[in-house]
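Structure file run.tsv with TSV, C-alpha atoms and all ligand atoms:
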chain	number	residue	atom	x	y	z
A	8	MET	CA	-50.26	-52.46	-82.29
A	9	GLU	CA	-51.69	-50.52	-79.30
A	10	ASN	CA	-50.29	-47.08	-78.38
A	11	VAL	CA	-48.97	-48.53	-75.09
A	12	ASP	CA	-46.95	-51.15	-77.02
A	13	LYS	CA	-45.67	-48.48	-79.40
A	14	GLY	CA	-44.48	-46.52	-76.33
A	15	TYR	CA	-46.59	-43.45	-77.19
A	16	PHE	CA	-47.02	-41.51	-73.96
A	17	THR	CA	-50.21	-39.73	-72.86
A	18	GLU	CA	-51.34	-38.29	-69.54
A	19	GLU	CA	-53.92	-41.07	-69.30
A	20	ASN	CA	-51.73	-44.09	-70.14
A	21	SER	CA	-48.48	-42.81	-68.49
A	22	ALA	CA	-47.98	-45.59	-65.89
A	23	GLU	CA	-48.93	-48.35	-68.32
A	24	VAL	CA	-46.41	-47.10	-70.91
A	25	VAL	CA	-43.61	-47.00	-68.35
A	26	ASN	CA	-44.40	-50.42	-66.89
A	27	ALA	CA	-44.77	-52.02	-70.33
A	28	ARG	CA	-41.13	-51.11	-71.00
A	29	MET	CA	-39.91	-53.53	-68.27
A	30	SER	CA	-38.19	-56.63	-69.64
A	31	PRO	CA	-40.01	-59.95	-69.05
A	32	ASP	CA	-36.63	-61.20	-67.74
A	33	THR	CA	-36.71	-58.75	-64.82
A	34	ASP	CA	-36.40	-60.40	-61.41
A	35	PRO	CA	-40.06	-61.11	-60.47
A	36	ARG	CA	-39.91	-59.37	-57.07
A	37	LEU	CA	-38.26	-56.27	-58.58
A	38	ALA	CA	-40.85	-56.29	-61.38
A	39	GLN	CA	-43.68	-56.42	-58.81
A	40	VAL	CA	-42.16	-53.63	-56.69
A	41	MET	CA	-41.49	-51.34	-59.68
A	42	GLU	CA	-44.93	-51.92	-61.21
A	43	VAL	CA	-46.63	-50.86	-57.97
A	44	ILE	CA	-44.31	-47.90	-57.35
A	45	VAL	CA	-44.68	-46.52	-60.88
A	46	ARG	CA	-48.47	-46.98	-60.78
A	47	LYS	CA	-48.88	-45.31	-57.35
A	48	LEU	CA	-46.38	-42.54	-58.11
A	49	HIS	CA	-48.13	-41.61	-61.35
A	50	GLU	CA	-51.46	-41.73	-59.49
A	51	ALA	CA	-50.11	-39.30	-56.88
A	52	VAL	CA	-48.71	-36.92	-59.51
A	53	LYS	CA	-52.07	-36.96	-61.36
A	54	GLU	CA	-53.90	-36.11	-58.14
A	55	ILE	CA	-51.42	-33.42	-57.03
A	56	GLU	CA	-50.83	-31.87	-60.49
A	57	PRO	CA	-47.55	-30.22	-59.41
A	58	SER	CA	-46.27	-27.13	-61.22
A	59	GLN	CA	-42.74	-27.44	-62.68
A	60	ASP	CA	-41.49	-25.26	-59.78
A	61	GLU	CA	-43.11	-27.54	-57.19
A	62	TRP	CA	-41.59	-30.63	-58.83
A	63	MET	CA	-38.13	-28.99	-58.76
A	64	GLN	CA	-38.70	-28.13	-55.09
A	65	ALA	CA	-39.38	-31.84	-54.43
A	66	ILE	CA	-36.23	-32.86	-56.34
A	67	ARG	CA	-34.15	-30.32	-54.41
A	68	PHE	CA	-35.58	-31.66	-51.12
A	69	LEU	CA	-34.56	-35.23	-52.03
A	70	THR	CA	-31.12	-33.99	-53.14
A	71	ARG	CA	-30.55	-32.20	-49.81
A	72	THR	CA	-31.78	-35.29	-47.97
A	73	GLY	CA	-29.10	-37.38	-49.72
A	74	GLN	CA	-26.44	-34.73	-49.14
A	75	LYS	CA	-27.19	-34.77	-45.39
A	76	CYS	CA	-26.36	-38.51	-45.16
A	77	ASP	CA	-22.95	-39.66	-43.92
A	78	ASP	CA	-21.57	-42.49	-41.77
A	79	TRP	CA	-23.35	-41.05	-38.70
A	80	ARG	CA	-26.46	-39.48	-40.13
A	81	GLN	CA	-29.06	-41.27	-42.31
A	82	GLU	CA	-31.53	-38.62	-43.36
A	83	TYR	CA	-33.49	-41.04	-45.61
A	84	ILE	CA	-34.19	-43.34	-42.64
A	85	LEU	CA	-35.33	-40.27	-40.73
A	86	LEU	CA	-37.63	-39.36	-43.62
A	87	SER	CA	-39.07	-42.89	-43.59
A	88	ASP	CA	-39.49	-42.56	-39.78
A	89	ILE	CA	-41.43	-39.29	-39.82
A	90	LEU	CA	-43.65	-40.52	-42.67
A	91	GLY	CA	-44.60	-43.60	-40.60
A	92	VAL	CA	-43.06	-45.94	-43.19
A	93	SER	CA	-40.45	-47.39	-40.80
A	94	MET	CA	-43.21	-48.28	-38.33
A	95	LEU	CA	-45.38	-49.75	-41.09
A	96	VAL	CA	-42.54	-51.97	-42.39
A	97	ASP	CA	-41.88	-53.03	-38.78
A	98	ALA	CA	-45.58	-53.83	-38.20
A	99	ILE	CA	-45.75	-55.94	-41.38
A	100	ASN	CA	-42.63	-57.86	-40.36
A	101	SER	CA	-43.53	-58.45	-36.72
A	102	ARG	CA	-47.09	-59.77	-36.77
A	103	ARG	CA	-47.54	-61.79	-33.57
A	104	PRO	CA	-50.18	-63.62	-31.56
A	105	THR	CA	-52.33	-61.15	-29.59
A	106	ARG	CA	-50.83	-61.97	-26.18
A	107	ALA	CA	-47.24	-61.31	-27.32
A	108	SER	CA	-45.56	-57.93	-26.75
A	109	GLU	CA	-45.54	-55.60	-29.73
A	110	ASN	CA	-42.50	-54.34	-31.58
A	111	THR	CA	-41.64	-50.74	-32.20
A	112	VAL	CA	-38.95	-48.73	-33.97
A	113	LEU	CA	-35.27	-49.62	-33.27
A	114	GLY	CA	-33.93	-46.09	-33.73
A	115	PRO	CA	-30.31	-45.09	-34.28
A	116	PHE	CA	-28.94	-45.23	-30.71
A	117	HIS	CA	-28.53	-48.97	-30.08
A	118	LEU	CA	-24.95	-50.25	-29.48
A	119	GLU	CA	-24.04	-53.89	-30.17
A	120	ASP	CA	-21.34	-54.04	-27.50
A	121	ALA	CA	-23.06	-52.76	-24.33
A	122	PRO	CA	-21.70	-54.54	-21.23
A	123	GLU	CA	-23.45	-57.58	-19.72
A	124	LEU	CA	-24.21	-56.73	-16.07
A	125	PRO	CA	-25.34	-58.73	-13.02
A	126	MET	CA	-29.11	-58.55	-12.56
A	127	GLY	CA	-29.97	-55.65	-10.24
A	128	SER	CA	-27.11	-53.38	-11.41
A	129	ASN	CA	-27.47	-49.64	-11.78
A	130	ILE	CA	-27.04	-48.61	-15.43
A	131	CYS	CA	-26.65	-44.93	-14.48
A	132	LEU	CA	-22.88	-44.36	-14.35
A	133	ASP	CA	-22.78	-40.61	-13.65
A	134	GLY	CA	-25.27	-40.40	-10.76
A	135	LYS	CA	-27.34	-37.76	-12.59
A	136	GLY	CA	-31.12	-37.78	-12.88
A	137	GLU	CA	-34.05	-39.01	-10.79
A	138	PRO	CA	-33.52	-42.66	-9.77
A	139	MET	CA	-35.85	-45.29	-11.14
A	140	TYR	CA	-36.33	-48.98	-10.36
A	141	VAL	CA	-37.23	-50.95	-13.47
A	142	HIS	CA	-38.57	-54.49	-13.14
A	143	GLY	CA	-40.88	-57.18	-14.46
A	144	ARG	CA	-40.88	-60.61	-16.05
A	145	ILE	CA	-40.14	-62.16	-19.40
A	146	LEU	CA	-42.95	-64.59	-20.17
A	147	ASP	CA	-44.11	-66.81	-23.01
A	148	THR	CA	-47.64	-66.50	-24.43
A	149	GLN	CA	-48.85	-69.18	-21.96
A	150	GLY	CA	-47.67	-67.03	-19.02
A	151	ASN	CA	-44.64	-69.23	-18.22
A	152	PRO	CA	-41.38	-67.51	-17.22
A	153	VAL	CA	-38.67	-67.44	-19.87
A	154	GLY	CA	-35.28	-68.13	-18.26
A	155	GLY	CA	-32.01	-67.34	-20.04
A	156	ALA	CA	-33.54	-64.43	-21.98
A	157	LYS	CA	-31.13	-61.65	-22.94
A	158	ILE	CA	-32.42	-58.15	-22.16
A	159	ASP	CA	-30.56	-55.31	-23.84
A	160	VAL	CA	-31.78	-51.94	-22.53
A	161	TRP	CA	-30.79	-48.36	-23.34
A	162	GLN	CA	-32.25	-44.97	-22.51
A	163	ALA	CA	-31.73	-41.21	-22.83
A	164	ASN	CA	-30.64	-39.22	-19.77
A	165	ASP	CA	-32.70	-36.59	-17.94
A	166	GLU	CA	-31.65	-33.98	-20.51
A	167	GLY	CA	-32.82	-36.13	-23.42
A	168	PHE	CA	-29.41	-37.29	-24.70
A	169	TYR	CA	-27.90	-40.75	-25.24
A	170	ASP	CA	-24.26	-41.37	-24.24
A	171	VAL	CA	-23.28	-41.59	-27.94
A	172	GLN	CA	-24.59	-38.03	-28.46
A	173	GLN	CA	-22.50	-36.67	-25.56
A	174	LYS	CA	-19.07	-38.29	-25.92
A	175	GLY	CA	-16.80	-36.87	-23.21
A	176	ILE	CA	-19.81	-35.51	-21.28
A	177	GLN	CA	-21.51	-38.80	-20.36
A	178	PRO	CA	-19.39	-41.88	-19.54
A	179	ASP	CA	-19.29	-44.48	-22.36
A	180	PHE	CA	-22.15	-46.99	-21.98
A	181	ASN	CA	-23.99	-44.71	-19.57
A	182	LEU	CA	-27.63	-45.83	-19.25
A	183	ARG	CA	-27.12	-49.08	-21.14
A	184	GLY	CA	-26.88	-52.66	-20.02
A	185	VAL	CA	-27.42	-56.29	-20.97
A	186	PHE	CA	-29.07	-58.61	-18.44
A	187	ARG	CA	-29.95	-62.29	-18.47
A	188	THR	CA	-33.01	-63.73	-16.72
A	189	GLY	CA	-32.85	-66.66	-14.30
A	190	ASP	CA	-35.40	-69.50	-14.24
A	191	ASP	CA	-38.07	-67.21	-12.75
A	192	GLY	CA	-37.94	-64.96	-15.85
A	193	ARG	CA	-37.56	-61.88	-13.63
A	194	TYR	CA	-35.54	-58.82	-14.54
A	195	PHE	CA	-34.73	-55.81	-12.36
A	196	PHE	CA	-32.23	-52.98	-12.52
A	197	SER	CA	-31.78	-49.36	-11.46
A	198	ALA	CA	-31.81	-46.53	-13.95
A	199	ILE	CA	-33.08	-42.94	-14.11
A	200	LYS	CA	-36.33	-41.42	-15.26
A	201	PRO	CA	-35.80	-40.75	-18.98
A	202	ARG	CA	-36.82	-37.50	-20.67
A	203	TYR	CA	-38.37	-36.78	-24.06
A	204	TYR	CA	-35.92	-35.71	-26.79
A	205	PRO	CA	-35.99	-34.40	-30.35
A	206	ILE	CA	-35.01	-36.47	-33.37
A	207	PRO	CA	-32.26	-34.75	-35.42
A	208	ALA	CA	-34.22	-31.77	-36.76
A	209	ASP	CA	-31.44	-29.57	-38.20
A	210	GLY	CA	-31.73	-31.00	-41.74
A	211	PRO	CA	-34.28	-31.21	-44.55
A	212	VAL	CA	-36.46	-33.66	-42.59
A	213	GLY	CA	-36.62	-31.17	-39.69
A	214	GLU	CA	-37.59	-28.43	-42.17
A	215	LEU	CA	-40.36	-30.66	-43.53
A	216	LEU	CA	-41.67	-31.40	-40.02
A	217	ASN	CA	-41.67	-27.70	-39.27
A	218	ALA	CA	-43.42	-26.84	-42.53
A	219	MET	CA	-46.14	-29.39	-41.66
A	220	GLY	CA	-46.58	-27.90	-38.17
A	221	ARG	CA	-45.34	-31.11	-36.52
A	222	GLN	CA	-43.21	-31.22	-33.38
A	223	PRO	CA	-39.88	-33.19	-33.47
A	224	ASN	CA	-39.87	-34.90	-30.05
A	225	ARG	CA	-40.11	-38.52	-28.98
A	226	PRO	CA	-41.85	-39.09	-25.62
A	227	ALA	CA	-39.78	-40.46	-22.70
A	228	HIS	CA	-39.13	-44.20	-22.95
A	229	PHE	CA	-36.80	-47.13	-22.29
A	230	GLN	CA	-35.70	-49.10	-25.37
A	231	TYR	CA	-35.26	-52.87	-25.34
A	232	ILE	CA	-34.15	-55.79	-27.44
A	233	ILE	CA	-35.18	-59.06	-25.79
A	234	GLU	CA	-33.93	-62.34	-27.23
A	235	LYS	CA	-34.06	-66.02	-26.46
A	236	GLY	CA	-33.46	-68.93	-28.85
A	237	GLY	CA	-36.72	-70.32	-30.27
A	238	TYR	CA	-38.60	-67.02	-29.73
A	239	ASP	CA	-39.21	-64.05	-32.01
A	240	ARG	CA	-36.70	-61.29	-31.20
A	241	LEU	CA	-38.55	-58.41	-29.53
A	242	THR	CA	-37.43	-54.83	-30.31
A	243	THR	CA	-39.57	-52.52	-28.27
A	244	HIS	CA	-39.98	-49.59	-25.85
A	245	ILE	CA	-41.92	-48.85	-22.70
A	246	PHE	CA	-43.33	-45.32	-22.61
A	247	ASP	CA	-44.23	-42.84	-19.87
A	248	PRO	CA	-47.96	-42.22	-20.47
A	249	ASP	CA	-47.70	-38.84	-18.67
A	250	ASP	CA	-45.13	-37.45	-21.09
A	251	GLU	CA	-46.29	-34.28	-22.84
A	252	PHE	CA	-45.45	-35.78	-26.27
A	253	ILE	CA	-47.06	-39.20	-25.71
A	254	ASN	CA	-49.70	-38.57	-28.38
A	255	SER	CA	-47.41	-36.90	-30.91
A	256	ASP	CA	-44.27	-39.09	-31.16
A	257	ALA	CA	-42.38	-37.70	-34.19
A	258	VAL	CA	-41.77	-41.26	-35.49
A	259	PHE	CA	-45.10	-42.93	-34.50
A	260	GLY	CA	-43.41	-45.47	-32.18
A	261	VAL	CA	-46.12	-45.32	-29.49
A	262	LYS	CA	-48.59	-48.21	-29.17
A	263	GLU	CA	-51.19	-48.52	-26.43
A	264	SER	CA	-49.75	-51.83	-25.19
A	265	LEU	CA	-46.33	-50.23	-24.63
A	266	MET	CA	-47.51	-47.81	-21.93
A	267	ALA	CA	-46.08	-48.44	-18.47
A	268	GLU	CA	-46.82	-46.51	-15.30
A	269	PHE	CA	-43.80	-44.44	-14.13
A	270	LYS	CA	-44.84	-44.28	-10.44
A	271	PRO	CA	-43.24	-41.89	-7.91
A	272	VAL	CA	-42.47	-43.69	-4.62
A	273	ASP	CA	-41.95	-41.94	-1.27
A	274	ASP	CA	-40.71	-44.80	0.90
A	275	PRO	CA	-37.29	-44.21	2.53
A	276	GLN	CA	-36.98	-47.87	3.59
A	277	LYS	CA	-37.53	-49.19	0.06
A	278	ALA	CA	-35.36	-46.44	-1.40
A	279	LYS	CA	-32.52	-47.60	0.87
A	280	GLU	CA	-33.00	-51.21	-0.30
A	281	PHE	CA	-32.33	-50.10	-3.89
A	282	GLY	CA	-29.47	-47.77	-2.91
A	283	PHE	CA	-31.47	-44.59	-3.62
A	284	GLU	CA	-31.85	-41.52	-1.44
A	285	GLY	CA	-35.32	-39.98	-1.08
A	286	ARG	CA	-38.03	-40.21	-3.71
A	287	TYR	CA	-37.59	-42.53	-6.65
A	288	TYR	CA	-39.68	-43.81	-9.56
A	289	ASP	CA	-40.82	-47.37	-10.11
A	290	VAL	CA	-41.90	-49.00	-13.36
A	291	GLU	CA	-43.05	-52.60	-13.67
A	292	HIS	CA	-43.65	-54.17	-17.07
A	293	ASP	CA	-43.85	-57.77	-18.27
A	294	PHE	CA	-42.69	-58.63	-21.78
A	295	VAL	CA	-44.28	-61.58	-23.59
A	296	LEU	CA	-42.23	-63.41	-26.23
A	297	ALA	CA	-43.86	-65.25	-29.15
A	298	LYS	CA	-42.55	-68.72	-30.09
A	299	LEU	CA	-41.08	-68.96	-33.58
A	301	LIG	C1	-35.11	-42.98	-31.49
A	301	LIG	O1	-35.62	-44.04	-31.14
A	301	LIG	O2	-34.47	-42.32	-30.71
A	301	LIG	C2	-35.28	-42.51	-32.90
A	301	LIG	C3	-36.08	-43.24	-33.75
A	301	LIG	C4	-36.22	-42.81	-35.05
A	301	LIG	C5	-35.58	-41.66	-35.48
A	301	LIG	C6	-34.78	-40.94	-34.61
A	301	LIG	C7	-34.63	-41.36	-33.32

Once you've parsed the file, please lay out its structure as C-alpha cells.
Amino acid sequence: MENVDKGYFTEENSAEVVNARMSPDTDPRLAQVMEVIVRKLHEAVKEIEPSQDEWMQAIRFLTRTGQKCDDWRQEYILLSDILGVSMLVDAINSRRPTRASENTVLGPFHLEDAPELPMGSNICLDGKGEPMYVHGRILDTQGNPVGGAKIDVWQANDEGFYDVQQKGIQPDFNLRGVFRTGDDGRYFFSAIKPRYYPIPADGPVGELLNAMGRQPNRPAHFQYIIEKGGYDRLTTHIFDPDDEFINSDAVFGVKESLMAEFKPVDDPQKAKEFGFEGRYYDVEHDFVLAKL
C-alpha cells in the first residue's frame, strides 16, 4: 500500500492525501470542484509558506468578513468583486458573438420593481444634478432593430449615491426606470450625469483594499438590464471615459466596448426640446443583443 493510500501526510504529498480521502460516491461535480480547490490551495500555501501568525491573520480576516454579512450587506460578494472573481465568473457565463454587447457586473443596487415609464420620461425625480439625455438603439447582431425590448436602467446621483442608500433623502425609485422599445428599437430618456462612488469600504474588504494601496471607487456609469424573449439577457453598464477612476474600477467592471461619450451640449433650442435649462450632457449608445 502506498503512503497516500495509508493516509500518511507529508509536505510533498499533502494535496494528494486529502483528495484521496474523498468517497468515490461523491457527486461528480463536487468531486471535481474540491479536487481542484484542494490542489490549488495547497499549491498556494506551499508557495507562500505562511507563518502560523500569518495563517491566523487570514482566518481572522475571513471570520470578520462573515461577521460583516447580514440581510443588507454581503461582504463575501464584495471580496469576490475586488478580487476580480465576480467579473471572471460573469465573463465565463456570458460568452457572446463578437458583435454583441458585453456583460459586466450586476452590483447590489438593482431593484426588481422599478416603475415602467413612457419612453422619453425623466428618471430624475428630485431635479438635482446636471441634466443628461440618454439615447440609442437596441439591435440584433445583424444590425436590425429589436422592438419590444425591456430596458431597465438605474444610476447613482451626482453625489455618488443610489436612492436605496439615501432613504428619506432621495425619493423612492429616483434615477431608475423601465422602458420598452417600439419597432424602431430606439430608446431615449432624460437623466442626470452620474458621479463615481465608493463600494462599501468600512469593513474587512475595505481594509484589504487599503492595505494593498487600491482605491475603492467605481467610475461614473449607467447600469442596464436589457431583455427580450429569444435573446441573451444583457446586464451591463455604459461608462464615462473621462472619469478619474476609469482605469481603476474597484471591481474591474470596465471593458473598452462599454465606453460611451458623455458630451456637453450648449444648445438652448435643443435643451428646451428636452425640457432642460442651459447646458446639458448627451450620451448615445447602441446595445446589441445576441440570439439564444
Ligand atoms: C456597483 O455596481 O455599484 C457595485 C458592484 C460591486 C460591488 C459594489 C458595488

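Considering all atoms listed in the file, the residue among A:Gly210, A:Gly154, A:Pro35, A:Pro223 positioned nearest to ligand LIG 301 (chain A) is A:Pro223.
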
Report as a list in words which protein, DNA and RNA residues come within 8 Å of ligand LIG 301 (chain A), using all atoms listed in the file.
Ile84, Leu85, Asp88, Ile89, Val112, Leu113, Gly114, Pro115, Phe116, Tyr204, Pro205, Ile206, Pro207, Arg225, Gln230, Ala257, Val258 and Gly260 of chain A

Please provide the set of residues having any atom within 8 Å of stretch 291-299 of chain A, restricted to only C-alpha atoms, with same-chain residues fewer than 6 positions apart removed, written as a ChimeraX atom specification.
/A:103-104,106-108,141-148,150,237-241,245,267-268

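The residue that comes closest to A:Val43, out of A:Asp250, A:Glu119, A:Glu61, A:Glu23 and on the basis of only C-alpha atoms, is A:Glu23.
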
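Ranking A:Gln64, A:Ser93, A:Gln162, A:Thr188 by their shortest atom-to-atom distance to A:Glu123, with all atoms listed in the file included, puts A:Thr188 first.
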
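The two atoms in question, atom CA of A:Pro275 and atom CA of A:Met126, are spaced 22.4 Å apart.
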
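Computed from the coordinates, the atom CA of A:Gly184 to atom CA of A:Ser101 distance equals 24.3 Å.
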
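One distance worth recording is that between atom CA of A:Asp78 and atom CA of A:Ala121, which is 20.3 Å.
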
Within 6 Å of file point (-36.7, -49.9, -24.6), counting only C-alpha atoms, expressed as JSON, numbers by chain:
{"A": [160, 229, 230, 231, 243, 244, 245]}

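Taking all atoms listed in the file into account, A:Gly192 lies nearest to A:Pro152 out of the set A:Pro248, A:Pro152, A:Gly167, A:Gly220.
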
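Closest to A:Asn100 among A:Asp249, A:Thr242, A:Lys279, A:Gly236 is A:Thr242, based on all atoms listed in the file.
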
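Ranking A:Leu118, A:Ala227, A:Ile66, A:Ile233 by their shortest atom-to-atom distance to A:Ser255, with only C-alpha atoms included, puts A:Ala227 first.
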